[in-house]
$ cat my_file_22.pdb   # PDB, C-alpha atoms
ATOM      1  CA  MET R1063     122.474  55.244 117.502
ATOM      2  CA  VAL R1064     120.393  57.229 115.038
ATOM      3  CA  LEU R1065     121.210  60.607 116.586
ATOM      4  CA  ASP R1066     124.977  60.139 116.351
ATOM      5  CA  SER R1067     126.280  63.542 115.105
ATOM      6  CA  SER R1068     123.848  63.615 112.196
ATOM      7  CA  PRO R1069     123.947  66.676 109.910
ATOM      8  CA  ARG R1070     120.248  67.070 110.607
ATOM      9  CA  LEU R1071     120.879  67.393 114.338
ATOM     10  CA  ASP R1072     123.715  69.838 113.575
ATOM     11  CA  ARG R1073     121.234  72.038 111.752
ATOM     12  CA  VAL R1074     118.864  71.857 114.724
ATOM     13  CA  PHE R1075     121.574  72.946 117.161
ATOM     14  CA  HIS R1076     122.773  75.666 114.823
ATOM     15  CA  ALA R1077     119.213  76.949 114.564
ATOM     16  CA  LEU R1078     118.780  76.896 118.341
ATOM     17  CA  ALA R1079     122.092  78.680 118.974
ATOM     18  CA  HIS R1080     120.653  82.137 118.160
ATOM     19  CA  PRO R1081     118.494  83.869 120.804
ATOM     20  CA  ALA R1082     116.314  85.492 118.120
ATOM     21  CA  ARG R1083     115.448  82.089 116.694
ATOM     22  CA  ARG R1084     114.673  80.699 120.127
ATOM     23  CA  ALA R1085     112.380  83.686 120.650
ATOM     24  CA  ILE R1086     110.662  82.939 117.337
ATOM     25  CA  LEU R1087     110.136  79.330 118.387
ATOM     26  CA  ARG R1088     108.739  80.390 121.738
ATOM     27  CA  ARG R1089     106.211  82.635 119.978
ATOM     28  CA  LEU R1090     105.294  79.924 117.492
ATOM     29  CA  SER R1091     104.832  77.385 120.262
ATOM     30  CA  HIS R1092     101.534  79.142 121.034
ATOM     31  CA  HIS R1093     100.068  79.287 117.547
ATOM     32  CA  GLU R1094     100.797  79.796 113.858
ATOM     33  CA  GLN R1095     101.883  83.347 113.036
ATOM     34  CA  ASN R1096     102.739  85.298 109.932
ATOM     35  CA  LEU R1097     106.117  86.955 109.463
ATOM     36  CA  SER R1098     104.929  90.480 110.353
ATOM     37  CA  GLU R1099     103.350  89.235 113.572
ATOM     38  CA  LEU R1100     106.625  87.509 114.374
ATOM     39  CA  SER R1101     109.006  90.348 113.520
ATOM     40  CA  ALA R1102     107.230  93.286 115.241
ATOM     41  CA  PRO R1103     107.352  92.180 118.907
ATOM     42  CA  LEU R1104     110.920  90.938 118.463
ATOM     43  CA  LYS R1105     111.935  94.398 117.158
ATOM     44  CA  MET R1106     113.234  92.797 114.000
ATOM     45  CA  SER R1107     112.949  93.921 110.407
ATOM     46  CA  PHE R1108     110.865  91.791 108.086
ATOM     47  CA  PRO R1109     113.946  90.565 106.114
ATOM     48  CA  ALA R1110     115.814  89.760 109.351
ATOM     49  CA  ALA R1111     112.908  87.727 110.652
ATOM     50  CA  SER R1112     112.597  86.027 107.285
ATOM     51  CA  LYS R1113     116.292  85.097 107.381
ATOM     52  CA  HIS R1114     115.970  83.547 110.838
ATOM     53  CA  VAL R1115     112.857  81.681 109.763
ATOM     54  CA  ARG R1116     114.811  80.309 106.803
ATOM     55  CA  VAL R1117     117.435  78.855 109.184
ATOM     56  CA  LEU R1118     114.642  77.328 111.247
ATOM     57  CA  GLU R1119     113.080  75.926 108.085
ATOM     58  CA  ARG R1120     116.361  74.305 107.041
ATOM     59  CA  ALA R1121     116.490  72.606 110.452
ATOM     60  CA  LYS R1122     112.898  71.531 109.835
ATOM     61  CA  LEU R1123     111.894  73.244 113.075
ATOM     62  CA  VAL R1124     109.478  75.573 111.298
ATOM     63  CA  ARG R1125     107.256  75.121 108.280
ATOM     64  CA  ARG R1126     106.241  78.135 106.213
ATOM     65  CA  ARG R1127     103.229  78.240 103.922
ATOM     66  CA  VAL R1128     102.369  81.148 101.696
ATOM     67  CA  VAL R1129      98.736  82.219 101.579
ATOM     68  CA  GLY R1130      98.319  85.127  99.181
ATOM     69  CA  ARG R1131     100.846  87.661 100.446
ATOM     70  CA  THR R1132     101.237  86.328 103.956
ATOM     71  CA  HIS R1133     103.875  83.868 105.041
ATOM     72  CA  LEU R1134     102.396  81.716 107.774
ATOM     73  CA  CYS R1135     104.893  79.988 110.078
ATOM     74  CA  ARG R1136     104.222  76.931 112.140
ATOM     75  CA  ILE R1137     106.468  75.068 114.594
ATOM     76  CA  GLU R1138     107.422  71.474 113.817
ATOM     77  CA  GLY R1139     107.911  69.474 116.991
ATOM     78  CA  LYS R1140     109.787  66.353 115.956
ATOM     79  CA  PRO R1141     113.368  67.598 115.376
ATOM     80  CA  LEU R1142     113.099  69.636 118.556
ATOM     81  CA  ALA R1143     111.988  66.609 120.501
ATOM     82  CA  GLU R1144     115.002  64.688 119.148
ATOM     83  CA  ALA R1145     117.409  67.459 120.138
ATOM     84  CA  ASN R1146     115.932  67.493 123.617
ATOM     85  CA  ALA R1147     116.144  63.721 123.868
ATOM     86  CA  TRP R1148     119.850  63.969 123.118
ATOM     87  CA  LEU R1149     120.540  66.505 125.867
ATOM     88  CA  GLU R1150     118.067  64.820 128.155
ATOM     89  CA  GLU R1151     120.035  61.579 127.901
ATOM     90  CA  TYR R1152     123.254  63.384 128.843
ATOM     91  CA  ARG R1153     121.407  64.920 131.772
ATOM     92  CA  ARG R1154     120.116  61.508 132.860
ATOM     93  CA  ILE R1155     123.585  59.921 132.928
ATOM     94  CA  TRP R1156     125.052  62.762 134.958
ATOM     95  CA  GLU R1157     122.065  62.906 137.269
ATOM     96  CA  ALA R1158     122.691  59.223 138.093
ATOM     97  CA  ASN R1159     126.336  60.128 138.840
ATOM     98  CA  PHE R1160     125.338  63.030 141.038
ATOM     99  CA  GLN R1161     122.752  61.036 142.957
ATOM    100  CA  ARG R1162     125.486  58.565 143.874
ATOM    101  CA  LEU R1163     127.615  61.554 144.871
ATOM    102  CA  ASP R1164     124.729  62.778 147.091
ATOM    103  CA  SER R1165     124.758  59.497 149.039
ATOM    104  CA  LEU R1166     128.541  59.506 149.309
ATOM    105  CA  LEU R1167     128.517  63.085 150.643
ATOM    106  CA  ALA R1168     125.829  62.159 153.189
ATOM    107  CA  ASP R1169     128.061  59.273 154.377
ATOM    108  CA  LEU R1170     131.131  61.518 154.576
ATOM    109  CA  LYS R1171     129.185  64.121 156.567
ATOM    110  CA  ALA R1172     127.874  61.469 158.968
ATOM    111  CA  LYS R1173     131.384  60.076 159.499
ATOM    112  CA  GLU R1174     132.776  63.537 160.228
ATOM    113  CA  GLU R1175     130.041  64.201 162.777
ATOM    114  CA  GLN R1176     130.718  60.854 164.476
ATOM    115  CA  ALA R1177     134.429  61.604 164.685
ATOM    116  CA  HIS R1178     133.597  65.008 166.096
ATOM    117  CA  HIS R1179     131.370  63.505 168.825
ATOM    118  CA  LYS R1180     134.061  61.022 169.809
ATOM    119  CA  GLN R1181     136.561  63.836 170.248
ATOM    120  CA  ASN R1182     134.281  65.717 172.655
TER     121      ASN R1182
ATOM    122  CA  MET N 784     114.459  69.394 148.792
ATOM    123  CA  ILE N 785     115.461  67.874 145.494
ATOM    124  CA  ASN N 786     118.565  69.280 143.826
ATOM    125  CA  THR N 787     118.094  69.214 140.089
ATOM    126  CA  LEU N 788     120.781  69.113 137.465
ATOM    127  CA  SER N 789     120.725  71.714 134.745
ATOM    128  CA  VAL N 790     122.428  71.017 131.418
ATOM    129  CA  THR N 791     122.810  73.883 128.961
ATOM    130  CA  THR N 792     124.671  74.603 125.728
ATOM    131  CA  PRO N 793     125.591  78.312 125.999
ATOM    132  CA  SER N 794     127.647  78.135 122.794
ATOM    133  CA  ASP N 795     128.358  75.681 119.972
ATOM    134  CA  LEU N 796     131.428  74.365 121.771
ATOM    135  CA  GLU N 797     130.285  74.200 125.371
ATOM    136  CA  LEU N 798     128.201  72.018 127.596
ATOM    137  CA  VAL N 799     127.542  73.363 131.090
ATOM    138  CA  MET N 800     126.164  71.398 134.008
ATOM    139  CA  THR N 801     125.194  72.890 137.350
ATOM    140  CA  ARG N 802     124.036  71.032 140.427
ATOM    141  CA  VAL N 803     123.726  71.825 144.148
ATOM    142  CA  PHE N 804     124.880  69.386 146.852
ATOM    143  CA  ASN N 805     123.880  69.356 150.528
ATOM    144  CA  ALA N 806     127.443  69.277 151.803
ATOM    145  CA  PRO N 807     130.314  71.656 152.522
ATOM    146  CA  ARG N 808     132.568  72.473 149.599
ATOM    147  CA  ARG N 809     135.549  70.725 151.202
ATOM    148  CA  LEU N 810     133.728  67.357 151.055
ATOM    149  CA  VAL N 811     132.594  67.843 147.440
ATOM    150  CA  TRP N 812     136.189  68.670 146.532
ATOM    151  CA  ASP N 813     137.415  65.484 148.248
ATOM    152  CA  ALA N 814     134.785  63.374 146.485
ATOM    153  CA  MET N 815     135.938  64.732 143.127
ATOM    154  CA  THR N 816     139.683  64.519 143.649
ATOM    155  CA  LYS N 817     140.381  61.451 145.828
ATOM    156  CA  PRO N 818     140.412  58.235 143.758
ATOM    157  CA  GLU N 819     138.912  56.048 146.507
ATOM    158  CA  LEU N 820     135.940  58.460 146.734
ATOM    159  CA  LEU N 821     135.611  59.256 143.030
ATOM    160  CA  LYS N 822     135.329  55.537 142.246
ATOM    161  CA  GLN N 823     132.251  55.315 144.435
ATOM    162  CA  TRP N 824     130.105  57.650 142.372
ATOM    163  CA  MET N 825     131.565  58.243 138.921
ATOM    164  CA  PHE N 826     129.910  56.734 135.832
ATOM    165  CA  THR N 827     130.158  52.951 135.736
ATOM    166  CA  PRO N 828     127.701  51.112 133.510
ATOM    167  CA  PRO N 829     126.261  47.867 134.921
ATOM    168  CA  GLU N 830     128.748  44.995 134.674
ATOM    169  CA  TRP N 831     131.653  47.332 134.125
ATOM    170  CA  ALA N 832     134.352  47.654 136.767
ATOM    171  CA  TRP N 833     137.032  50.181 137.571
ATOM    172  CA  ALA N 834     140.440  49.000 136.382
ATOM    173  CA  GLU N 835     142.489  52.128 137.139
ATOM    174  CA  CYS N 836     141.774  55.405 138.864
ATOM    175  CA  GLU N 837     144.799  57.626 139.276
ATOM    176  CA  MET N 838     144.720  61.288 140.219
ATOM    177  CA  ASP N 839     147.764  63.506 140.612
ATOM    178  CA  VAL N 840     145.952  66.648 141.685
ATOM    179  CA  ARG N 841     148.465  69.438 141.054
ATOM    180  CA  VAL N 842     149.189  71.640 138.072
ATOM    181  CA  GLY N 843     150.787  69.457 135.388
ATOM    182  CA  GLY N 844     149.737  66.290 137.264
ATOM    183  CA  LYS N 845     148.052  63.560 135.231
ATOM    184  CA  PHE N 846     144.848  61.657 135.835
ATOM    185  CA  ARG N 847     143.739  58.368 134.309
ATOM    186  CA  TRP N 848     140.450  56.479 134.623
ATOM    187  CA  VAL N 849     140.043  53.045 133.035
ATOM    188  CA  TRP N 850     137.058  50.684 133.087
ATOM    189  CA  ASN N 851     136.857  47.016 132.158
ATOM    190  CA  GLY N 852     133.811  45.620 130.391
ATOM    191  CA  PRO N 853     131.982  42.383 131.294
ATOM    192  CA  ASP N 854     134.594  40.387 129.317
ATOM    193  CA  GLY N 855     137.391  41.726 131.559
ATOM    194  CA  GLN N 856     138.935  43.720 128.697
ATOM    195  CA  VAL N 857     139.480  47.473 128.790
ATOM    196  CA  ALA N 858     136.221  49.068 127.645
ATOM    197  CA  LEU N 859     136.915  52.762 128.150
ATOM    198  CA  SER N 860     139.832  55.005 129.083
ATOM    199  CA  ILE N 861     139.690  58.688 130.010
ATOM    200  CA  TRP N 862     142.882  60.588 130.744
ATOM    201  CA  GLY N 863     144.361  64.060 130.865
ATOM    202  CA  GLU N 864     146.373  66.644 132.726
ATOM    203  CA  HIS N 865     145.496  69.177 135.430
ATOM    204  CA  ARG N 866     145.932  72.762 134.269
ATOM    205  CA  GLU N 867     144.617  74.672 137.301
ATOM    206  CA  VAL N 868     144.204  73.395 140.846
ATOM    207  CA  VAL N 869     142.765  75.754 143.487
ATOM    208  CA  PRO N 870     141.445  73.653 146.388
ATOM    209  CA  PRO N 871     138.631  73.527 147.238
ATOM    210  CA  GLU N 872     137.106  75.800 144.594
ATOM    211  CA  ARG N 873     138.418  75.319 141.097
ATOM    212  CA  ILE N 874     140.005  72.598 139.017
ATOM    213  CA  VAL N 875     140.700  72.583 135.279
ATOM    214  CA  HIS N 876     141.858  69.554 133.358
ATOM    215  CA  THR N 877     142.315  68.438 129.769
ATOM    216  CA  GLU N 878     140.544  65.231 128.842
ATOM    217  CA  ARG N 879     140.763  62.650 126.108
ATOM    218  CA  MET N 880     138.616  59.560 125.821
ATOM    219  CA  GLU N 881     138.992  56.284 124.016
ATOM    220  CA  MET N 882     136.691  53.309 123.713
ATOM    221  CA  GLY N 883     138.127  49.832 124.047
ATOM    222  CA  PRO N 884     141.762  48.840 124.347
ATOM    223  CA  GLY N 885     142.751  50.260 120.940
ATOM    224  CA  ALA N 886     144.814  53.371 120.290
ATOM    225  CA  GLY N 887     142.292  55.900 119.089
ATOM    226  CA  ASP N 888     140.534  55.917 115.775
ATOM    227  CA  CYS N 889     142.644  53.700 113.562
ATOM    228  CA  GLY N 890     142.278  53.734 109.807
ATOM    229  CA  PRO N 891     142.259  50.615 107.612
ATOM    230  CA  GLY N 892     146.020  50.979 107.061
ATOM    231  CA  GLY N 893     146.653  50.889 110.815
ATOM    232  CA  GLU N 894     147.354  54.638 111.117
ATOM    233  CA  CYS N 895     145.906  55.923 114.383
ATOM    234  CA  SER N 896     144.904  59.450 115.281
ATOM    235  CA  GLU N 897     144.997  60.957 118.766
ATOM    236  CA  PRO N 898     141.455  61.376 120.055
ATOM    237  CA  TRP N 899     140.394  65.014 120.351
ATOM    238  CA  GLU N 900     140.834  66.850 123.626
ATOM    239  CA  LEU N 901     138.328  68.773 125.695
ATOM    240  CA  LEU N 902     138.901  71.202 128.552
ATOM    241  CA  ALA N 903     136.865  70.587 131.696
ATOM    242  CA  THR N 904     136.466  73.329 134.313
ATOM    243  CA  VAL N 905     134.862  72.543 137.648
ATOM    244  CA  GLU N 906     133.939  75.415 139.947
ATOM    245  CA  LEU N 907     132.608  74.881 143.467
ATOM    246  CA  THR N 908     130.790  77.742 145.202
ATOM    247  CA  GLU N 909     129.627  77.660 148.794
ATOM    248  CA  GLN N 910     125.990  78.625 149.309
ATOM    249  CA  GLY N 911     125.333  78.527 153.047
ATOM    250  CA  ARG N 912     125.491  74.845 153.996
ATOM    251  CA  GLN N 913     125.299  73.780 150.363
ATOM    252  CA  THR N 914     127.763  73.715 147.502
ATOM    253  CA  GLN N 915     127.051  74.546 143.894
ATOM    254  CA  LEU N 916     129.019  72.651 141.296
ATOM    255  CA  ARG N 917     129.406  74.125 137.837
ATOM    256  CA  MET N 918     131.130  71.951 135.254
ATOM    257  CA  THR N 919     131.970  73.474 131.878
ATOM    258  CA  LEU N 920     133.113  71.174 129.101
ATOM    259  CA  LEU N 921     134.773  73.055 126.252
ATOM    260  CA  PHE N 922     135.030  70.935 123.099
ATOM    261  CA  PRO N 923     137.367  71.571 120.132
ATOM    262  CA  THR N 924     134.482  71.441 117.648
ATOM    263  CA  LYS N 925     130.723  71.379 117.734
ATOM    264  CA  GLU N 926     130.787  67.919 116.132
ATOM    265  CA  ALA N 927     132.945  66.672 119.015
ATOM    266  CA  ARG N 928     130.505  68.052 121.560
ATOM    267  CA  ASP N 929     127.439  66.589 119.869
ATOM    268  CA  GLY N 930     129.216  63.290 119.306
ATOM    269  CA  ALA N 931     130.343  63.084 122.942
ATOM    270  CA  ALA N 932     126.811  63.454 124.198
ATOM    271  CA  ALA N 933     125.639  60.956 121.595
ATOM    272  CA  SER N 934     128.252  58.424 122.727
ATOM    273  CA  GLY N 935     127.264  59.018 126.353
ATOM    274  CA  MET N 936     123.783  58.338 125.172
ATOM    275  CA  GLU N 937     124.788  55.009 123.683
ATOM    276  CA  HIS N 938     126.126  53.874 127.050
ATOM    277  CA  GLY N 939     122.946  55.013 128.740
ATOM    278  CA  VAL N 940     120.747  53.315 126.214
ATOM    279  CA  SER N 941     122.650  50.031 126.268
ATOM    280  CA  ALA N 942     122.656  50.098 130.079
ATOM    281  CA  GLY N 943     118.892  50.543 129.873
ATOM    282  CA  TYR N 944     118.595  47.519 127.601
ATOM    283  CA  ASP N 945     120.759  45.499 129.990
ATOM    284  CA  ARG N 946     118.350  46.271 132.812
ATOM    285  CA  LEU N 947     115.401  45.451 130.584
ATOM    286  CA  ASP N 948     117.028  42.113 129.719
ATOM    287  CA  ALA N 949     117.441  41.354 133.421
ATOM    288  CA  ILE N 950     113.827  42.232 134.130
ATOM    289  CA  LEU N 951     112.590  40.139 131.213
ATOM    290  CA  ALA N 952     114.769  37.212 132.305
ATOM    291  CA  GLY N 953     113.228  37.426 135.777
ATOM    292  CA  HIS N 954     109.752  37.100 134.303
ATOM    293  CA  ALA N 955     110.592  34.302 131.867
TER     294      ALA N 955
END

$ encode --input "my_file_22.pdb" --output "structure tokens"
Amino acid sequence: MVLDSSPRLDRVFHALAHPARRAILRRLSHHEQNLSELSAPLKMSFPAASKHVRVLERAKLVRRRVVGRTHLCRIEGKPLAEANAWLEEYRRIWEANFQRLDSLLADLKAKEEQAHHKQN
Amino acid sequence: MINTLSVTTPSDLELVMTRVFNAPRRLVWDAMTKPELLKQWMFTPPEWAWAECEMDVRVGGKFRWVWNGPDGQVALSIWGEHREVVPPERIVHTERMEMGPGAGDCGPGGECSEPWELLATVELTEQGRQTQLRMTLLFPTKEARDGAAASGMEHGVSAGYDRLDAILAGHA
């Protein structure tokens, strides 16, 4: 499996582990923004925002391009899609388990009700 | 109403699943702790079969789940020990997993290492006529957590290919 504990995926999960970086990604999911636009609404200093963006860049979740004095940040979808696929697969396996559990519970409930009717 | 499963990673070491069931807590507890019931719903890839399902549901009691693959050989073993048992609301167990009949990850010289251990906590909360299940898996390292999901993924993917094979065979 290509996703098997790759260092690249580790970087993605590390990047996603911080709420500030998730907030940055959410903002960037709308459109490209420069660092000042990013840092102000998140109540972050410019260097702090820059540091978080660097972690996101290392995970290849964000691409930064410098135009004159502005640092424009853009979200990169592919690594994020891979990380989601990984969790999504886990979710799918367990959902299959739990759907079988749903049917079993429905059977158990029906049996209990039957037994109850017989008693009365 | 459809009950959806939520899977989250609140920290580097945890994986948390929550799901609501349309049944009283007592029945969900039974389905999770009685071998004859557990075997009816727990993870079994196509063409695999349960070989062992033992549950000693008390503090210090062991559990052991073993599946055979299509060739009749042991394909996967999961085992551990119960640390907390509070029926019908809370159960905590340690868990180790091994693929195949071998003894863990064995090096070229034949030296074998114990597979790593996770701690699984299951909490059941009654919500009217429904029960919420919250399962927290605490892994020893982030790599273990990511690898576990990736290995789960391999089963899922190969099961998917098996089904695809069957479908293709039907159309051939």

$ closest_residue --input "my_file_22.pdb" --among "R:Leu1167, R:Ala1085, R:Ala1077, R:Ala1172" --to "R:Leu1123" --atoms "all atoms listed in the file"
R:Ala1077

$ closest_residue --input "my_file_22.pdb" --among "N:Val905, N:Gly843, N:Val799, N:Pro853" --to "N:Thr816" --atoms "all atoms listed in the file"
N:Val905

$ resolve_selection --input "my_file_22.pdb" --expression "the PyMOL selection byres ((chain R and resi 1090) around 9)" --output "list of chain:residue names"
R:Ala1085, R:Ile1086, R:Leu1087, R:Arg1088, R:Arg1089, R:Ser1091, R:His1092, R:His1093, R:Glu1094, R:Gln1095, R:Leu1100, R:Val1124, R:Cys1135, R:Arg1136, R:Ile1137

$ write_last_selection --input "my_file_22.pdb" --atoms "C-alpha atoms" --output "short mmCIF file (atom, residue, chain, number, x, y, z; two decimals), in the coordinates of the input"
data_model
loop_
_atom_site.label_atom_id
_atom_site.label_comp_id
_atom_site.auth_asym_id
_atom_site.auth_seq_id
_atom_site.Cartn_x
_atom_site.Cartn_y
_atom_site.Cartn_z
CA ALA R 1085 112.38 83.69 120.65
CA ILE R 1086 110.66 82.94 117.34
CA LEU R 1087 110.14 79.33 118.39
CA ARG R 1088 108.74 80.39 121.74
CA ARG R 1089 106.21 82.64 119.98
CA SER R 1091 104.83 77.39 120.26
CA HIS R 1092 101.53 79.14 121.03
CA HIS R 1093 100.07 79.29 117.55
CA GLU R 1094 100.80 79.80 113.86
CA GLN R 1095 101.88 83.35 113.04
CA LEU R 1100 106.62 87.51 114.37
CA VAL R 1124 109.48 75.57 111.30
CA CYS R 1135 104.89 79.99 110.08
CA ARG R 1136 104.22 76.93 112.14
CA ILE R 1137 106.47 75.07 114.59
#

$ residues_near_point --input "my_file_22.pdb" --point "(134.9, 45.9, 133.2)" --cutoff "9 Å" --atoms "all atoms listed in the file" --output "list in words"
Thr827, Pro828, Glu830, Trp831, Ala832, Trp833, Ala834, Val849, Trp850, Asn851, Gly852, Pro853, Asp854, Gly855, Gln856, Val857, Ala858 and Leu859 of chain N

$ resolve_selection --input "my_file_22.pdb" --expression "the PyMOL selection byres ((chain N and resi 809-815) around 9)" --output "PyMOL selection string"
(chain R and resi 1163+1166-1167+1170-1171) or (chain N and resi 804+806-808+816-825+870-873+907+914+916)

$ resolve_selection --input "my_file_22.pdb" --expression "the PyMOL selection byres ((chain N and resi 788) around 7)" --output "ChimeraX atom specification"
/R:1157 /N:786-787,789-790,800-802

$ atom_distance --input "my_file_22.pdb" --atom1 "atom CA of N:Thr877" --atom2 "atom CA of R:Arg1162"
24.1 Å

$ closest_residue --input "my_file_22.pdb" --among "N:Thr908, N:Ile785, N:Trp862, N:Asp795" --to "chain R" --atoms "all atoms listed in the file"
N:Asp795

$ atom_distance --input "my_file_22.pdb" --atom1 "atom CA of R:Ala1168" --atom2 "atom CA of N:Phe826"
18.6 Å

$ atom_distance --input "my_file_22.pdb" --atom1 "atom CA of N:Ala927" --atom2 "atom CA of R:His1076"
14.2 Å

$ closest_residue --input "my_file_22.pdb" --among "R:Ser1098, R:Asn1159, R:Gln1181, R:Ser1107" --to "chain N" --atoms "only C-alpha atoms"
R:Asn1159

$ residues_around --input "my_file_22.pdb" --residues "R:Arg1126" --least-positions-apart "4" --cutoff "12 Å" --atoms "all atoms listed in the file" --output "number ranges by chain"
R: 1090, 1094-1097, 1112, 1115-1120, 1122, 1132-1138

$ closest_residue --input "my_file_22.pdb" --among "N:Asn805, N:Val868, N:Cys836, N:Leu796" --to "chain R" --atoms "only C-alpha atoms"
N:Asn805

$ decode --input "my_file_22.pdb" --residues "stretch 1065-1087 of chain R" --atoms "N, CA and C atoms" --output "compact mmCIF listing (two decimals), in the first residue's frame"
# COMPACT_ATOMS: atom_id res chain seq x y z
N LEU R 1065 0.33 4.22 1.01
CA LEU R 1065 0.19 5.16 2.12
C LEU R 1065 0.79 4.63 3.41
N ASP R 1066 1.29 3.40 3.39
CA ASP R 1066 1.76 2.73 4.59
C ASP R 1066 2.81 3.55 5.34
N SER R 1067 2.39 4.19 6.43
CA SER R 1067 3.24 4.98 7.33
C SER R 1067 4.39 5.68 6.61
N SER R 1068 4.06 6.40 5.56
CA SER R 1068 5.10 7.13 4.82
C SER R 1068 5.47 8.39 5.59
N PRO R 1069 6.74 8.82 5.52
CA PRO R 1069 7.15 10.05 6.20
C PRO R 1069 6.35 11.25 5.69
N ARG R 1070 5.95 11.19 4.44
CA ARG R 1070 5.17 12.28 3.86
C ARG R 1070 3.83 12.40 4.57
N LEU R 1071 3.19 11.25 4.80
CA LEU R 1071 1.90 11.25 5.48
C LEU R 1071 2.08 11.68 6.93
N ASP R 1072 3.21 11.31 7.53
CA ASP R 1072 3.51 11.76 8.90
C ASP R 1072 3.53 13.28 8.96
N ARG R 1073 4.16 13.89 7.96
CA ARG R 1073 4.25 15.35 7.94
C ARG R 1073 2.86 15.97 7.80
N VAL R 1074 2.01 15.30 6.99
CA VAL R 1074 0.64 15.81 6.81
C VAL R 1074 -0.11 15.78 8.15
N PHE R 1075 0.00 14.64 8.86
CA PHE R 1075 -0.72 14.53 10.13
C PHE R 1075 -0.16 15.45 11.19
N HIS R 1076 1.16 15.63 11.17
CA HIS R 1076 1.77 16.58 12.10
C HIS R 1076 1.24 17.98 11.82
N ALA R 1077 1.18 18.33 10.56
CA ALA R 1077 0.71 19.66 10.17
C ALA R 1077 -0.75 19.87 10.58
N LEU R 1078 -1.55 18.81 10.47
CA LEU R 1078 -2.98 18.93 10.77
C LEU R 1078 -3.26 18.89 12.27
N ALA R 1079 -2.24 18.50 13.07
CA ALA R 1079 -2.47 18.31 14.50
C ALA R 1079 -2.68 19.63 15.23
N HIS R 1080 -2.26 20.76 14.66
CA HIS R 1080 -2.36 22.04 15.35
C HIS R 1080 -3.60 22.82 14.88
N PRO R 1081 -4.43 23.27 15.85
CA PRO R 1081 -5.66 23.97 15.47
C PRO R 1081 -5.41 25.24 14.64
N ALA R 1082 -4.28 25.93 14.93
CA ALA R 1082 -3.99 27.14 14.16
C ALA R 1082 -3.77 26.80 12.70
N ARG R 1083 -3.11 25.68 12.46
CA ARG R 1083 -2.82 25.31 11.06
C ARG R 1083 -4.09 24.82 10.36
N ARG R 1084 -4.98 24.18 11.12
CA ARG R 1084 -6.25 23.80 10.50
C ARG R 1084 -7.05 25.05 10.14
N ALA R 1085 -6.96 26.06 11.03
CA ALA R 1085 -7.67 27.32 10.76
C ALA R 1085 -7.11 27.98 9.50
N ILE R 1086 -5.78 27.94 9.38
CA ILE R 1086 -5.15 28.52 8.17
C ILE R 1086 -5.65 27.80 6.92
N LEU R 1087 -5.71 26.48 6.99
CA LEU R 1087 -6.17 25.71 5.83
C LEU R 1087 -7.62 26.04 5.48
